[in-house]
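Okay, so here's the structure we're looking at.
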Amino acid sequence: MKRTRIVYYGFVWDRSKLGKGAGGDLDKVEEEDQGIVEATQRGVMSGTYDRGRYSPKKETGVHHFHRMLAS
């Protein structure tokens, strides 16, 4: 069985700022992401998923990294 464990860590230097500012609602975003990750994993493991080419607009970094690994 293939499994993925997702662990979120947050580091705040000044504890009085914990849960405030730009990262204040990060736990809500992470909850939303968790559902998306789980749904994506189910789709990939469904047996009907057929991977395609890299997206020329959004995956240039990933493509470059994989080409470096292959050379």
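Going by the structure tokens order, chains are called A, B, ..., each with residues numbered from 1, while ligands are numbered from 1 in the order shown.
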
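Residues in contact with stretch 6-10 of chain A at up to 9 Å, not including ones fewer than 5 positions away on its chain and judged by only C-alpha atoms, are Leu26, Asp27, Glu30 and Gln34 of chain A.
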
Would you mind exporting the chosen residues as an mmCIF file, in the first residue's frame, restricted to C-alpha atoms?
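Okay, result_6.cif is ready:
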data_model
loop_
_atom_site.group_PDB
_atom_site.id
_atom_site.type_symbol
_atom_site.label_atom_id
_atom_site.label_comp_id
_atom_site.auth_asym_id
_atom_site.auth_seq_id
_atom_site.Cartn_x
_atom_site.Cartn_y
_atom_site.Cartn_z
ATOM 1 C CA LEU A 26 -2.730 28.982 7.555
ATOM 2 C CA ASP A 27 -4.337 26.037 9.360
ATOM 3 C CA GLU A 30 -3.746 23.441 5.108
ATOM 4 C CA GLN A 34 -5.354 18.111 2.735
#

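Within stretch 14-52 of chain A, DSSP run on the backbone puts these residues in helix (DSSP H, G or I): A:Arg15, A:Ser16, A:Lys17, A:Gly21, A:Ala22, A:Gly23, A:Leu26, A:Asp27, A:Lys28, A:Val29, A:Glu30, A:Glu31, A:Glu32, A:Asp33, A:Gln34, A:Gly35, A:Ile36, A:Val37, A:Glu38, A:Ala39, A:Thr40, A:Gln41, A:Arg42, A:Gly43, A:Val44.
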
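Picture a line from atom CA of A:Tyr49 to atom CA of A:Ile36; it runs 16.0 Å.
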
Quick one: residues within 8 Å of A:Tyr54, only C-alpha atoms counted, chain neighbours fewer than 3 positions away excluded, as a list in words?
Glu59, Thr60 and His63 of chain A

Can you tell me, as a ChimeraX atom specification, what residues are no more than 12 Å from A:Glu38 when counting only C-alpha atoms, ignoring any on the same chain fewer than 6 positions away?
/A:3-6,31-32,44-45

Rounded to one decimal in Å, what is the spacing between atom CA of A:Lys28 and atom CA of A:Ser55?
28.3 Å

What separates atom CA of A:Leu69 and atom CA of A:Ser46 is a distance of 28.0 Å
